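Asker: One file: structure-v1.txt (compact mmCIF, C-alpha atoms).
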```
# COMPACT_ATOMS: atom_id res chain seq x y z
CA MET L 23 0.00 0.00 0.00
CA LYS L 24 1.29 3.46 -0.91
CA TRP L 25 0.75 6.04 1.80
CA PHE L 26 0.57 9.76 1.10
CA VAL L 27 2.83 10.32 4.12
CA LYS L 28 5.22 7.45 4.67
CA GLU L 29 5.14 5.47 7.90
CA GLY L 30 7.72 6.71 10.38
CA SER L 31 7.53 10.25 8.99
CA ILE L 32 7.98 13.18 11.36
CA VAL L 33 4.73 14.57 9.91
CA ARG L 34 2.83 11.54 11.19
CA GLU L 35 4.42 12.04 14.59
CA ILE L 36 3.42 15.71 14.65
CA TRP L 37 -0.15 15.13 13.50
CA GLY L 38 -0.62 12.02 15.63
CA LYS L 39 -0.87 13.88 18.94
CA ALA L 40 -3.85 15.94 20.01
CA ASP L 41 -1.71 18.37 22.03
CA THR L 42 0.45 19.26 19.05
CA ILE L 43 -2.56 19.69 16.78
CA LEU L 44 -4.22 22.02 19.29
CA PHE L 45 -1.08 24.15 19.40
CA ILE L 46 -0.93 24.22 15.58
CA PHE L 47 -4.41 25.64 15.34
CA ALA L 48 -3.97 27.95 18.31
CA GLY L 49 -1.15 29.59 16.36
CA ALA L 50 -3.03 29.54 13.08
CA SER L 51 -6.10 31.10 14.70
CA ALA L 52 -4.02 34.16 15.56
CA GLU L 53 -2.59 34.52 12.07
CA PHE L 54 -5.95 33.86 10.37
CA ALA L 55 -7.35 36.86 12.22
CA LEU L 56 -4.70 39.11 10.68
CA ASN L 57 -4.69 37.73 7.15
CA LYS L 58 -5.79 40.32 4.58
CA SER L 59 -8.07 37.71 2.99
CA VAL L 60 -9.87 36.86 6.25
CA ASP L 61 -13.05 38.28 4.71
CA TRP L 62 -13.28 35.03 2.72
CA LEU L 63 -13.66 33.13 5.98
CA TYR L 64 -16.58 35.40 6.86
CA PHE L 65 -18.33 35.03 3.50
CA THR L 66 -20.07 31.73 4.31
CA GLY L 67 -20.68 32.76 7.92
CA LYS L 68 -19.40 29.42 9.24
CA LEU L 69 -16.24 30.69 10.90
CA PRO L 70 -17.74 33.52 12.97
CA ALA L 71 -20.78 31.40 13.85
CA ASP L 72 -18.76 28.45 15.12
CA PRO L 73 -14.97 28.98 15.15
CA LEU L 74 -14.33 25.79 17.16
CA GLY L 75 -16.48 23.67 14.87
CA ARG L 76 -14.66 25.10 11.87
CA LEU L 77 -11.38 24.24 13.57
CA PHE L 78 -12.27 20.59 13.98
CA SER L 79 -13.58 20.40 10.43
CA THR L 80 -10.21 21.63 9.19
CA VAL L 81 -8.38 19.22 11.50
CA ALA L 82 -10.40 16.31 10.16
CA TYR L 83 -9.39 17.08 6.57
CA ALA L 84 -5.72 17.58 7.47
CA ARG L 85 -5.50 14.33 9.40
CA GLN L 86 -7.38 12.44 6.70
CA ILE L 87 -4.71 13.54 4.24
CA VAL L 88 -1.74 12.80 6.52
CA PHE L 89 -2.87 9.31 7.52
CA SER L 90 -4.52 8.11 4.30
CA GLU L 91 -3.16 5.96 1.52
CA TYR L 92 -2.20 7.94 -1.55
CA ASP L 93 -5.38 7.71 -3.66
CA ALA L 94 -7.64 8.49 -0.68
CA ALA L 95 -5.50 11.48 0.19
CA MET L 96 -5.79 12.76 -3.38
CA LYS L 97 -9.59 12.48 -3.17
CA ALA L 98 -9.61 14.40 0.11
CA ILE L 99 -7.47 17.17 -1.40
CA ASP L 100 -9.72 17.32 -4.45
CA GLN L 101 -12.73 17.65 -2.15
CA ILE L 102 -11.09 20.59 -0.39
CA THR L 103 -10.40 22.20 -3.78
CA ALA L 104 -14.02 21.69 -4.84
CA ILE L 105 -15.32 23.29 -1.62
CA HIS L 106 -13.18 26.38 -2.20
CA LYS L 107 -14.25 26.61 -5.84
CA GLU L 108 -17.89 26.47 -4.79
CA VAL L 109 -17.35 29.38 -2.38
CA GLU L 110 -15.61 31.33 -5.16
CA ASN L 111 -18.52 30.69 -7.52
CA LYS L 112 -21.05 31.86 -4.93
CA ARG L 113 -19.13 35.06 -4.30
CA GLY L 114 -18.28 35.65 -7.94
CA ALA L 115 -14.61 36.20 -7.19
CA LYS L 116 -11.42 34.20 -6.82
CA ILE L 117 -9.53 33.62 -3.60
CA PRO L 118 -6.08 35.17 -4.15
CA ASP L 119 -3.28 32.71 -4.93
CA TRP L 120 -1.21 34.19 -2.10
CA ALA L 121 -4.03 33.43 0.36
CA TYR L 122 -3.95 29.75 -0.60
CA ARG L 123 -0.18 29.77 -0.16
CA ASP L 124 -0.54 31.47 3.21
CA VAL L 125 -2.67 28.62 4.55
CA LEU L 126 -0.16 26.01 3.38
CA PHE L 127 2.68 28.04 4.84
CA MET L 128 0.86 28.20 8.18
CA LEU L 129 0.47 24.43 8.27
CA VAL L 130 4.19 23.99 7.67
CA ASP L 131 5.31 26.68 10.10
CA TYR L 132 3.00 25.86 12.99
CA SER L 133 3.63 22.13 12.63
CA ILE L 134 7.31 22.86 13.21
CA ARG L 135 6.78 25.46 15.94
CA SER L 136 4.30 23.29 17.87
CA PHE L 137 6.45 20.18 17.78
CA GLU L 138 9.51 22.11 18.87
CA LEU L 139 7.66 23.80 21.71
CA LEU L 140 6.18 20.54 23.04
CA GLU L 141 8.80 17.96 22.07
CA ARG L 142 12.26 18.87 20.77
CA LYS L 143 14.15 20.76 18.10
CA MET L 144 13.62 19.38 14.60
CA THR L 145 16.45 18.74 12.18
CA ASP L 146 16.61 20.61 8.88
CA ASP L 147 15.74 17.38 7.09
CA GLU L 148 12.62 16.93 9.25
CA LYS L 149 11.56 20.51 8.57
CA ALA L 150 12.09 19.95 4.86
CA GLU L 151 9.92 16.83 5.09
CA ALA L 152 7.10 18.83 6.67
CA PHE L 153 7.41 21.36 3.86
CA ASP L 154 7.40 18.62 1.20
CA VAL L 155 4.19 17.04 2.50
CA PHE L 156 2.15 20.24 2.46
CA CYS L 157 3.73 21.39 -0.78
CA GLN L 158 2.39 18.20 -2.35
CA VAL L 159 -1.05 19.20 -1.10
CA GLY L 160 -0.64 22.62 -2.71
CA ALA L 161 0.57 21.10 -5.96
CA ARG L 162 -2.48 18.82 -6.11
CA MET L 163 -4.69 21.88 -5.54
CA GLN L 164 -2.86 23.54 -8.46
CA ILE L 165 -1.80 26.51 -6.36
CA PRO L 166 0.70 28.54 -8.41
CA GLY L 167 3.93 30.06 -7.17
CA LEU L 168 4.83 27.41 -4.60
CA PRO L 169 8.46 27.46 -3.42
CA ALA L 170 10.77 24.83 -4.88
CA ASP L 171 12.29 23.72 -1.58
CA TYR L 172 12.46 24.39 2.16
CA PRO L 173 15.07 27.20 2.00
CA ASN L 174 12.93 29.04 -0.57
CA TRP L 175 9.87 28.43 1.59
CA LYS L 176 11.55 30.14 4.55
CA LYS L 177 12.23 33.21 2.41
CA MET L 178 8.68 33.32 1.01
CA ARG L 179 7.23 32.77 4.47
CA GLU L 180 8.97 35.88 5.79
CA GLU L 181 7.78 37.88 2.77
CA HIS L 182 4.17 36.74 3.28
CA LEU L 183 4.28 37.67 6.96
CA LEU L 184 5.40 41.17 6.02
CA GLU L 185 3.02 41.69 3.10
CA ASN L 186 -0.21 39.82 3.87
CA LEU L 187 -1.07 40.64 7.48
CA GLU L 188 -2.94 43.59 8.96
CA LYS L 189 -5.13 44.13 11.99
CA SER L 190 -8.65 44.95 10.85
CA ASN L 191 -12.23 45.00 12.10
CA PHE L 192 -12.39 41.34 11.10
CA SER L 193 -9.44 40.64 13.42
CA ILE L 194 -11.17 42.32 16.34
CA ASP L 195 -14.48 40.58 15.66
CA LEU L 196 -12.87 37.15 15.32
CA TYR L 197 -11.18 37.47 18.69
CA LYS L 198 -14.53 38.43 20.22
CA ARG L 199 -15.92 35.20 18.75
CA TYR L 200 -13.03 33.19 20.20
CA ARG L 201 -13.76 34.61 23.64
CA LYS L 202 -17.50 33.97 23.36
CA HIS L 203 -17.09 30.33 22.34
CA LEU L 204 -14.17 29.49 24.63
CA GLY L 205 -15.11 31.33 27.80
CA TRP L 206 -12.73 33.61 29.70
CA CYS L 207 -10.32 31.00 31.14
CA ARG L 208 -9.83 29.04 27.91
CA TYR L 209 -9.59 32.28 25.96
CA MET L 210 -6.78 33.48 28.22
CA LEU L 211 -5.00 30.14 27.79
CA LEU L 212 -5.36 30.47 24.02
CA GLY L 213 -3.64 33.84 24.21
CA GLN L 214 -0.80 32.36 26.24
CA VAL L 215 -0.23 29.62 23.64
CA GLN L 216 -0.41 32.12 20.79
CA ALA L 217 2.12 34.36 22.52
CA ARG L 218 4.61 31.49 22.76
CA ILE L 219 4.12 30.06 19.28
CA ALA L 220 3.28 32.91 16.88
CA PRO L 221 5.96 34.54 14.69
CA GLN L 222 7.16 37.94 15.89
CA ARG L 223 5.19 39.80 13.21
CA VAL L 224 1.92 38.20 14.35
CA ASN L 225 2.74 38.73 18.02
CA GLU L 226 3.48 42.42 17.50
CA GLN L 227 0.27 43.16 15.58
CA LEU L 228 -1.91 41.41 18.14
CA ALA L 229 0.15 42.54 21.17
CA LEU L 230 0.21 38.96 22.47
CA GLY L 231 3.13 39.43 24.83
CA HIS L 232 5.46 36.67 26.00
CA GLY L 233 3.07 34.09 27.45
CA PRO L 234 4.58 34.03 30.97
CA ALA L 235 1.89 31.77 32.44
CA LEU L 236 2.44 29.11 29.78
CA ALA L 237 6.19 29.34 30.32
CA VAL L 238 5.56 28.28 33.91
CA MET L 239 2.96 25.61 33.10
CA LEU L 240 4.72 23.98 30.16
CA PRO L 241 7.56 22.22 32.05
CA THR L 242 5.01 20.64 34.40
CA TYR L 243 2.86 19.57 31.47
CA LYS L 244 5.85 18.02 29.69
CA LEU L 245 6.70 16.07 32.85
CA MET L 246 3.13 14.81 33.01
CA ARG L 247 3.45 13.66 29.38
CA ILE L 248 6.47 11.54 30.32
CA PHE L 249 4.33 9.70 32.88
CA GLY L 250 1.33 9.54 30.54
CA VAL L 251 -1.01 11.56 32.77
CA HIS L 252 -0.99 14.84 30.82
CA HIS L 253 -4.42 14.10 29.40
CA LEU L 254 -5.91 14.63 32.86
CA MET L 255 -4.87 18.31 32.82
CA ARG L 256 -5.69 18.73 29.14
CA ASN L 257 -9.17 17.25 29.41
CA LEU L 258 -10.03 19.50 32.35
CA ILE L 259 -9.64 22.62 30.20
CA LEU L 260 -11.38 21.31 27.08
CA PRO L 261 -14.92 22.44 26.23
CA GLU L 262 -17.22 19.50 26.98
CA LYS L 263 -18.78 19.74 23.53
CA HIS L 264 -15.44 19.06 21.82
CA LYS L 265 -13.69 16.85 24.38
CA ALA L 266 -14.33 13.58 22.56
CA GLN L 267 -13.14 15.09 19.27
CA VAL L 268 -9.87 16.20 20.83
CA VAL L 269 -9.24 12.86 22.53
CA SER L 270 -9.80 11.09 19.20
CA LEU L 271 -6.92 13.06 17.67
CA ASP L 272 -4.38 10.98 19.59
CA SER L 273 -3.13 8.18 17.37
CA LYS L 274 -3.50 4.76 18.94
```
Please lay out the structure from this file as structure tokens.
Answerer:
Amino acid sequence: MKWFVKEGSIVREIWGKADTILFIFAGASAEFALNKSVDWLYFTGKLPADPLGRLFSTVAYARQIVFSEYDAAMKAIDQITAIHKEVENKRGAKIPDWAYRDVLFMLVDYSIRSFELLERKMTDDEKAEAFDVFCQVGARMQIPGLPADYPNWKKMREEHLLENLEKSNFSIDLYKRYRKHLGWCRYMLLGQVQARIAPQRVNEQLALGHGPALAVMLPTYKLMRIFGVHHLMRNLILPEKHKAQVVSLDSK
């Protein structure tokens, strides 16, 4: 059987743990709020109405791709492409190519940042492997202008962060939605994670700070992971509605 992501890949390790996935999308949720094309996420109304539900929908697609055999992964990617095309047809406009690239770049960057924050430093080869996987997704979606390799991706990533982010009314509204759906305590924890994981450009625009509370909590949480009891702390802070979905993200 041919897998889309080979067995033993660092990408499978990253996307096989619920904690890492939650950190990936905590970081991405900050950057999404600043992206100049965030109005596209408001067009259908699904994101502002249910940001957590939209999160888990996105997670489901990403994991389906990472852990599927090759042909099934291609079908999943084609389905994602079709969904975006349908939204474009309804709006009578095209999502900018750079916006598609931004999403792929976020998946690469926050996969690396989350794993390194929770686990260990990745080698350059492992980072290149993460880039290769999501670049294949972009190629299947026929997104133009993708970087040829990991070093070029790093350069383009910095350019996108400088050119494609701005704090807008959409940014402010989206954070209000986060707070409403998470509640005050979880919302504050989200901000702590974002402060520790977001690139400097994102942190500065959202004034996220340094995440001092998470800096204190993280060593204890990592120790709990060693003894396999970290899920007790994690599950205490999860919204009841989504607890089962999060638990299911851990690969058996």
Asker: Could you pull the residues within 9 Å of L:Gly167, counting only C-alpha atoms, minus those fewer than 2 positions along the same chain, as a PyMOL selection string?
Answerer: chain L and resi 119-120+123+165+169-170
Asker: List as a ChimeraX atom specification the protein and nucleic acid residues near L:Lys176, meaning an atom at most 12 Å away when all atoms listed in the file are counted, but skip any in the same chain fewer than 3 places from it.
Answerer: /L:127-128,130-131,146,149-150,153,168-173,179-183
Asker: What box, with edges along x, y and z, holds each listed atom of stretch 242-255 of chain L when 3 Å is added on every side, and can you state its centre and edge lengths in Å to one decimal, as JSON?
Answerer:
```
{"center_x": 0.4, "center_y": 15.1, "center_z": 31.9, "size_x": 18.6, "size_y": 17.1, "size_z": 11.0}
```
Asker: What is the distance, in Å and to one decimal place, between atom CA of L:Gly49 and atom CA of L:Lys112?
Answerer: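 Computed distance, atom CA of L:Gly49 to atom CA of L:Lys112, equals 29.2 Å.
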Asker: Determine the nearest neighbour of L:Leu212 from the options L:Gly38, L:Ala50, L:Lys263, L:Phe249, counting all atoms listed in the file.
Answerer: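 Going through L:Gly38, L:Ala50, L:Lys263, L:Phe249 one by one, the smallest distance to L:Leu212 is for L:Ala50.
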Asker: Between atom CA of L:Ala235 and atom CA of L:Ser136, what distance in Å does the model show, to one decimal?
Answerer: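 Distance between the two atoms: 17.0 Å.
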Asker: Please determine, counting all atoms listed in the file, which residue among L:Lys177, L:Arg223, L:Lys39, L:Arg113 has the shortest atom-to-atom distance to L:His253.
Answerer: L:Lys39
Asker: Using all atoms listed in the file, find each residue of stretch 71-144 of chain L with at least one atom at most 8 Å away from an atom of stretch 52-66 of chain L; report its shortest atom-to-atom pair and that distance in Å (one decimal), sort the rows by chain and rising residue number, and return the result as CSV.
Answerer:
```
residue,atom,partner,partner_atom,distance
L:Val109,CA,L:Thr66,CA,7.6
L:Arg113,CA,L:Phe65,CA,7.8
L:Ile117,CA,L:Trp62,CA,7.5
L:Pro118,CA,L:Ser59,CA,7.8
L:Ala121,CA,L:Ser59,CA,6.4
```
Asker: Which residues, written as a list in words, have at least one atom at most 12 Å from L:Leu204, with only C-alpha atoms counted and residues fewer than 5 positions away on the same chain left out?
Answerer: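 Non-adjacent residues within range: Asp72, Pro73, Leu74, Gly75, Tyr197, Lys198, Arg199, Tyr209, Met210, Leu211, Leu212, Gly213, Ile259, Leu260, Pro261, Glu262, Lys263 and His264 of chain L.
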Asker: For the atom pair atom CA of L:Glu226 and atom CA of L:Leu126, what is the interatomic distance in Å to one decimal place?
Answerer: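 Separation of atom CA of L:Glu226 and atom CA of L:Leu126: 22.0 Å.
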Asker: Considering only C-alpha atoms, return as a list in words whatever protein or nucleic-acid residues lie within 9 Å of L:Val27, sequence-local ones (same chain, fewer than 6 positions apart) excluded.
Answerer: Val33, Arg34, Ile87, Val88, Phe89, Ser90, Glu91, Tyr92 and Val155 of chain L
Asker: Take the selection from the previous step and output its residues with C-alpha atoms, as a PDB file, keeping the file's coordinate frame.
Answerer:
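Contents of the output file out_24.pdb:
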```pdb
ATOM      1  CA  VAL L  33       4.730  14.570   9.910  1.00  0.00           C
ATOM      2  CA  ARG L  34       2.830  11.540  11.190  1.00  0.00           C
ATOM      3  CA  ILE L  87      -4.710  13.540   4.240  1.00  0.00           C
ATOM      4  CA  VAL L  88      -1.740  12.800   6.520  1.00  0.00           C
ATOM      5  CA  PHE L  89      -2.870   9.310   7.520  1.00  0.00           C
ATOM      6  CA  SER L  90      -4.520   8.110   4.300  1.00  0.00           C
ATOM      7  CA  GLU L  91      -3.160   5.960   1.520  1.00  0.00           C
ATOM      8  CA  TYR L  92      -2.200   7.940  -1.550  1.00  0.00           C
ATOM      9  CA  VAL L 155       4.190  17.040   2.500  1.00  0.00           C
TER      10      VAL L 155
END
```
Asker: Taking all atoms listed in the file into account, which of L:Met96, L:Ile194, L:Leu245, L:Val215 comes nearest L:Trp25?
Answerer: L:Met96
